[in-house]
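Structure file work-v4.cif (mmCIF, C-alpha atoms) is printed below.
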```cif
data_run
loop_
_atom_site.label_atom_id
_atom_site.label_comp_id
_atom_site.auth_asym_id
_atom_site.auth_seq_id
_atom_site.Cartn_x
_atom_site.Cartn_y
_atom_site.Cartn_z
CA MET A 1 18.00 16.65 4.19
CA ALA A 2 15.43 18.02 6.63
CA ASN A 3 12.67 16.59 4.41
CA ARG A 4 14.18 13.10 4.65
CA GLU A 5 14.37 13.38 8.42
CA ALA A 6 10.74 14.50 8.58
CA ILE A 7 9.69 11.52 6.46
CA ARG A 8 11.69 9.13 8.65
CA ASP A 9 10.08 10.66 11.75
CA LEU A 10 6.62 10.20 10.22
CA GLN A 11 7.40 6.59 9.34
CA ALA A 12 8.67 5.91 12.86
CA ARG A 13 5.55 7.47 14.41
CA LEU A 14 3.26 5.48 12.09
CA ALA A 15 5.11 2.25 12.85
CA LYS A 16 4.78 2.90 16.58
CA ARG A 17 1.07 3.72 16.23
CA LEU A 18 0.55 0.53 14.18
CA GLN A 19 2.13 -1.56 16.92
CA THR A 20 0.11 0.23 19.61
CA ALA A 21 -3.11 -0.23 17.65
CA ARG A 22 -2.48 -3.95 17.23
CA ALA A 23 -1.50 -4.40 20.88
CA GLU A 24 -4.34 -2.39 22.40
CA GLY A 25 -7.08 -3.25 19.92
CA MET A 26 -7.83 0.39 19.16
CA SER A 27 -10.60 1.24 16.72
CA VAL A 28 -8.08 2.07 14.00
CA ALA A 29 -8.68 -0.24 11.10
CA TRP A 30 -6.55 0.94 8.15
CA LEU A 31 -3.26 2.43 7.08
CA ALA A 32 -4.10 5.24 4.64
CA VAL A 33 -1.79 5.79 1.66
CA ARG A 34 -1.80 7.58 -1.68
CA ALA A 35 -0.43 6.00 -4.86
CA GLY A 36 -0.73 7.41 -8.36
CA GLY A 37 -3.06 10.16 -7.18
CA GLN A 38 -5.55 7.73 -5.60
CA ASN A 39 -6.31 7.10 -1.91
CA TYR A 40 -6.06 3.54 -0.62
CA LEU A 41 -6.67 1.81 2.70
CA PHE A 42 -4.63 -1.19 3.82
CA PRO A 43 -6.22 -3.27 6.62
CA LEU A 44 -3.88 -3.19 9.62
CA GLY A 45 -4.13 -6.94 10.14
CA GLN A 46 -2.79 -7.51 6.63
CA SER A 47 -0.14 -4.75 6.66
CA GLY A 48 3.41 -5.20 7.78
CA GLU A 49 6.15 -2.67 8.32
CA ILE A 50 6.87 0.64 6.61
CA PHE A 51 10.25 1.45 5.06
CA PRO A 52 11.65 4.21 2.86
CA VAL A 53 12.40 3.18 -0.70
CA ALA A 54 16.17 2.93 -1.04
CA GLY A 55 18.32 0.55 -3.00
CA ILE A 56 15.76 -1.27 -5.15
CA GLN A 57 17.64 -3.67 -7.41
CA SER A 58 15.96 -4.03 -10.76
CA VAL A 59 15.11 -7.46 -12.11
CA PRO A 60 15.22 -7.95 -15.89
CA TYR A 61 12.28 -9.27 -17.89
CA THR A 62 9.62 -8.33 -15.37
CA CYS A 63 6.43 -6.32 -15.69
CA ASN A 64 6.72 -2.53 -15.53
CA TRP A 65 4.86 -2.52 -12.20
CA PHE A 66 7.60 -4.65 -10.61
CA PRO A 67 10.54 -2.26 -10.11
CA GLY A 68 12.69 -4.93 -8.47
CA VAL A 69 13.71 -6.35 -5.12
CA LEU A 70 14.69 -4.72 -1.87
CA ASN A 71 16.74 -5.95 1.07
CA ILE A 72 14.66 -5.39 4.20
CA ARG A 73 16.35 -6.48 7.41
CA GLY A 74 18.32 -9.15 5.60
CA GLY A 75 15.30 -10.55 3.74
CA LEU A 76 14.66 -10.22 0.02
CA PHE A 77 11.30 -8.59 -0.79
CA GLY A 78 9.74 -8.11 -4.19
CA VAL A 79 8.54 -4.54 -4.67
CA VAL A 80 5.26 -3.83 -6.48
CA ASP A 81 4.45 -0.30 -7.58
CA LEU A 82 0.82 -0.30 -6.40
CA ALA A 83 -0.43 2.45 -8.74
CA ALA A 84 1.23 0.89 -11.80
CA PHE A 85 -0.09 -2.58 -10.88
CA ILE A 86 -3.67 -1.36 -10.49
CA ALA A 87 -3.43 0.64 -13.73
CA ALA A 88 -2.16 -2.44 -15.60
CA ASP A 89 -4.77 -4.70 -14.01
CA THR A 90 -7.75 -2.42 -14.58
CA GLY A 91 -6.70 -0.70 -17.80
CA LEU A 92 -7.03 2.70 -16.15
CA VAL A 93 -4.52 5.43 -16.86
CA ARG A 94 -2.15 5.95 -13.96
CA ALA A 95 -1.94 9.46 -12.55
CA GLU A 96 1.49 10.95 -12.03
CA SER A 97 3.17 10.06 -8.76
CA VAL A 98 3.71 12.73 -6.16
CA ALA A 99 7.22 14.14 -6.18
CA GLY A 100 9.22 13.18 -3.13
CA GLU A 101 10.31 10.06 -1.40
CA SER A 102 8.05 7.08 -1.69
CA SER A 103 7.71 4.32 0.87
CA VAL A 104 7.05 0.61 0.85
CA VAL A 105 4.59 -1.22 3.06
CA THR A 106 5.33 -4.89 3.51
CA LEU A 107 2.56 -7.45 3.57
CA ASN A 108 2.00 -9.03 6.96
CA THR A 109 4.21 -12.07 7.52
CA ALA A 110 1.07 -14.14 8.13
CA LEU A 111 0.30 -13.78 4.39
CA ASP A 112 3.53 -15.68 3.68
CA VAL A 113 4.58 -13.48 0.75
CA ASN A 114 7.85 -11.54 0.82
CA CYS A 115 6.45 -8.52 -0.91
CA ALA A 116 6.22 -4.78 -0.34
CA LEU A 117 3.82 -2.32 -1.96
CA GLN A 118 5.38 0.94 -3.12
CA VAL A 119 3.23 3.99 -2.40
CA ASP A 120 3.78 7.72 -2.94
CA VAL A 121 2.60 9.10 0.41
CA LEU A 122 1.75 7.73 3.84
CA LEU A 123 -1.37 9.46 5.18
CA GLY A 124 -1.67 7.93 8.65
CA LEU A 125 -4.19 5.67 10.30
CA ARG A 126 -7.95 5.75 9.73
CA GLY A 127 -10.85 4.24 11.60
CA PRO A 128 -14.46 3.73 10.56
CA GLU A 129 -15.41 7.06 12.15
CA ALA A 130 -13.28 8.90 9.55
CA PHE A 131 -15.75 8.10 6.77
CA ALA A 132 -19.18 9.46 5.97
CA SER A 133 -20.33 6.67 3.64
CA SER A 134 -19.29 3.42 2.03
CA VAL A 135 -20.30 1.26 -0.92
CA ALA A 136 -19.46 -2.23 -2.08
CA PRO A 137 -16.93 -2.63 -4.91
CA ALA A 138 -18.27 -1.78 -8.35
CA GLN A 139 -19.30 -4.53 -10.73
CA GLY A 140 -16.19 -5.73 -12.57
CA ALA A 141 -13.77 -4.25 -10.01
CA PRO A 142 -10.64 -6.26 -9.25
CA VAL A 143 -11.25 -9.04 -6.71
CA TYR A 144 -8.84 -7.41 -4.24
CA PHE A 145 -10.89 -4.19 -4.10
CA GLY A 146 -12.80 -4.02 -0.85
CA THR A 147 -15.27 -1.42 0.29
CA ARG A 148 -15.03 2.08 -1.20
CA PHE A 149 -15.32 4.80 1.43
CA VAL A 150 -15.97 8.52 1.19
CA ASP A 151 -14.81 10.86 3.93
CA ALA A 152 -16.50 14.06 5.11
CA ALA A 153 -14.44 16.14 2.65
CA GLY A 154 -15.77 14.05 -0.24
CA ASP A 155 -12.50 12.20 -0.92
CA ALA A 156 -12.83 8.59 -2.04
CA TRP A 157 -10.79 5.81 -0.41
CA GLN A 158 -10.45 2.34 -1.91
CA GLU A 159 -9.81 -0.51 0.52
CA ILE A 160 -7.28 -3.07 -0.74
CA ASN A 161 -7.64 -6.62 0.53
CA MET A 162 -3.95 -7.51 0.70
CA ARG A 163 -4.62 -11.20 1.32
CA THR A 164 -6.67 -11.51 -1.86
CA LEU A 165 -4.22 -9.32 -3.78
CA SER A 166 -1.29 -11.52 -2.79
CA GLN A 167 -3.07 -14.60 -4.16
CA THR A 168 -4.20 -13.27 -7.55
CA HIS A 169 -2.61 -14.67 -10.68
CA GLN A 170 -1.73 -11.19 -11.99
CA PHE A 171 0.12 -10.28 -8.78
CA LEU A 172 2.08 -13.53 -8.72
CA SER A 173 3.06 -13.34 -12.42
CA ILE A 174 5.84 -10.78 -12.58
CA SER A 175 7.45 -11.91 -15.85
CA ALA A 176 6.94 -9.59 -18.80
#
```
Written as structure tokens, that's how I'd like the structure from this file.
Amino acid sequence: MANREAIRDLQARLAKRLQTARAEGMSVAWLAVRAGGQNYLFPLGQSGEIFPVAGIQSVPYTCNWFPGVLNIRGGLFGVVDLAAFIAADTGLVRAESVAGESSVVTLNTALDVNCALQVDVLLGLRGPEAFASSVAPAQGAPVYFGTRFVDAAGDAWQEINMRTLSQTHQFLSISA
């Protein structure tokens, strides 16, 4: 029970910091998350709100990376398991998810897609100063992969262009 409260507190703090960053134009550029053992960066301008995963209703005859739909503030949002989607799209083997409660990050309403990406762990906000180096996406990488960053500890972070992701044929085709 205390763990759930701690996660809710973290989500509330992150949501408040996201709003502050957008309002004040801080140097923060990404929401950092982990999904399937990989680190990802969501551009703040393309990210929406953060919610705990609760009450996903499964939808028959859909891809395994589409666990179902979720009611978020009275709206129906499709939920995409980010790690499973990337594994299916790239052919890479998906690492095991971290035990615990996962979260969903909605796409910004400006993208006009009622969708939320399911991630294992929220890791906070990151700015350009958090990274030691960066490289362009590898040849043959999915079109929604942005810059790949490496932080001072040597951890790799893949930027996800949520606008491009939301417009790809694979992402829009949920039927199995």
The PyMOL selection byres ((chain A and resi 106) around 6) on the file shown: which residues, as a PyMOL selection string?
chain A and resi 48-49+105+107+115-116
Tell me, as a list in words, which residues lie within 6 Å of segment 125-133 of chain A, counting all atoms listed in the file; anything in the same chain fewer than 6 positions away does not count.
Ser27, Val28, Ala29, Trp30, Leu31, Ala32, Phe149, Val150, Asp151 and Ala152 of chain A
So how many Å separate atom CA of Leu122 of chain A and atom CA of Arg148 of chain A, to one decimal?
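Atom CA of Leu122 of chain A sits 18.4 Å away from atom CA of Arg148 of chain A.
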With all atoms listed in the file as the basis for distance, which of A:Asn3, A:Ser58, A:Asn108, A:Gln158 is at the shortest distance from Gly37 of chain A?
A:Gln158
Could you check how far atom CA of Ser134 of chain A sits from atom CA of Ala88 of chain A, in Å to one decimal?
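Value for the atom CA of Ser134 of chain A-atom CA of Ala88 of chain A distance: 25.3 Å.
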Would you list the contacts of Ala6 of chain A as a PyMOL selection string, taking every protein, DNA or RNA residue within 12 Å and counting all atoms listed in the file, but skipping same-chain residues closer than 6 positions in sequence?
chain A and resi 12-13+52+100-101
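Shell of segment 75-86 of chain A at 7 Å, with all atoms listed in the file counted and residues fewer than 3 places along the chain excluded, is Ala35, Gly36, Trp65, Phe66, Pro67, Gly68, Val69, Leu70, Asn71, Ile72, Asp89, Thr90, Arg94, Asn114, Cys115, Ala116, Leu117, Gln118 and Val119 of chain A.
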Output the selection as a PDB file, in the frame of the given file - C-alpha atoms for each residue.
```
ATOM      1  CA  ALA A  35      -0.430   6.000  -4.860  1.00  0.00           C
ATOM      2  CA  GLY A  36      -0.730   7.410  -8.360  1.00  0.00           C
ATOM      3  CA  TRP A  65       4.860  -2.520 -12.200  1.00  0.00           C
ATOM      4  CA  PHE A  66       7.600  -4.650 -10.610  1.00  0.00           C
ATOM      5  CA  PRO A  67      10.540  -2.260 -10.110  1.00  0.00           C
ATOM      6  CA  GLY A  68      12.690  -4.930  -8.470  1.00  0.00           C
ATOM      7  CA  VAL A  69      13.710  -6.350  -5.120  1.00  0.00           C
ATOM      8  CA  LEU A  70      14.690  -4.720  -1.870  1.00  0.00           C
ATOM      9  CA  ASN A  71      16.740  -5.950   1.070  1.00  0.00           C
ATOM     10  CA  ILE A  72      14.660  -5.390   4.200  1.00  0.00           C
ATOM     11  CA  ASP A  89      -4.770  -4.700 -14.010  1.00  0.00           C
ATOM     12  CA  THR A  90      -7.750  -2.420 -14.580  1.00  0.00           C
ATOM     13  CA  ARG A  94      -2.150   5.950 -13.960  1.00  0.00           C
ATOM     14  CA  ASN A 114       7.850 -11.540   0.820  1.00  0.00           C
ATOM     15  CA  CYS A 115       6.450  -8.520  -0.910  1.00  0.00           C
ATOM     16  CA  ALA A 116       6.220  -4.780  -0.340  1.00  0.00           C
ATOM     17  CA  LEU A 117       3.820  -2.320  -1.960  1.00  0.00           C
ATOM     18  CA  GLN A 118       5.380   0.940  -3.120  1.00  0.00           C
ATOM     19  CA  VAL A 119       3.230   3.990  -2.400  1.00  0.00           C
TER      20      VAL A 119
END
```
Can you tell me how far atom CA of Leu165 of chain A sits from atom CA of Phe145 of chain A, in Å to one decimal?
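We find that atom CA of Leu165 of chain A and atom CA of Phe145 of chain A lie 8.4 Å from each other.
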Given the PyMOL selection byres ((chain A and resi 42) around 9) and the file above, list the residues it selects as JSON, numbers by chain.
{"A": [29, 30, 31, 32, 33, 40, 41, 43, 44, 45, 46, 47, 158, 159, 160, 161, 162]}
In terms of all atoms listed in the file, the residue from A:Val121, A:Ala87, A:Ala176, A:Ile50 at minimal distance from Thr62 of chain A is A:Ala176
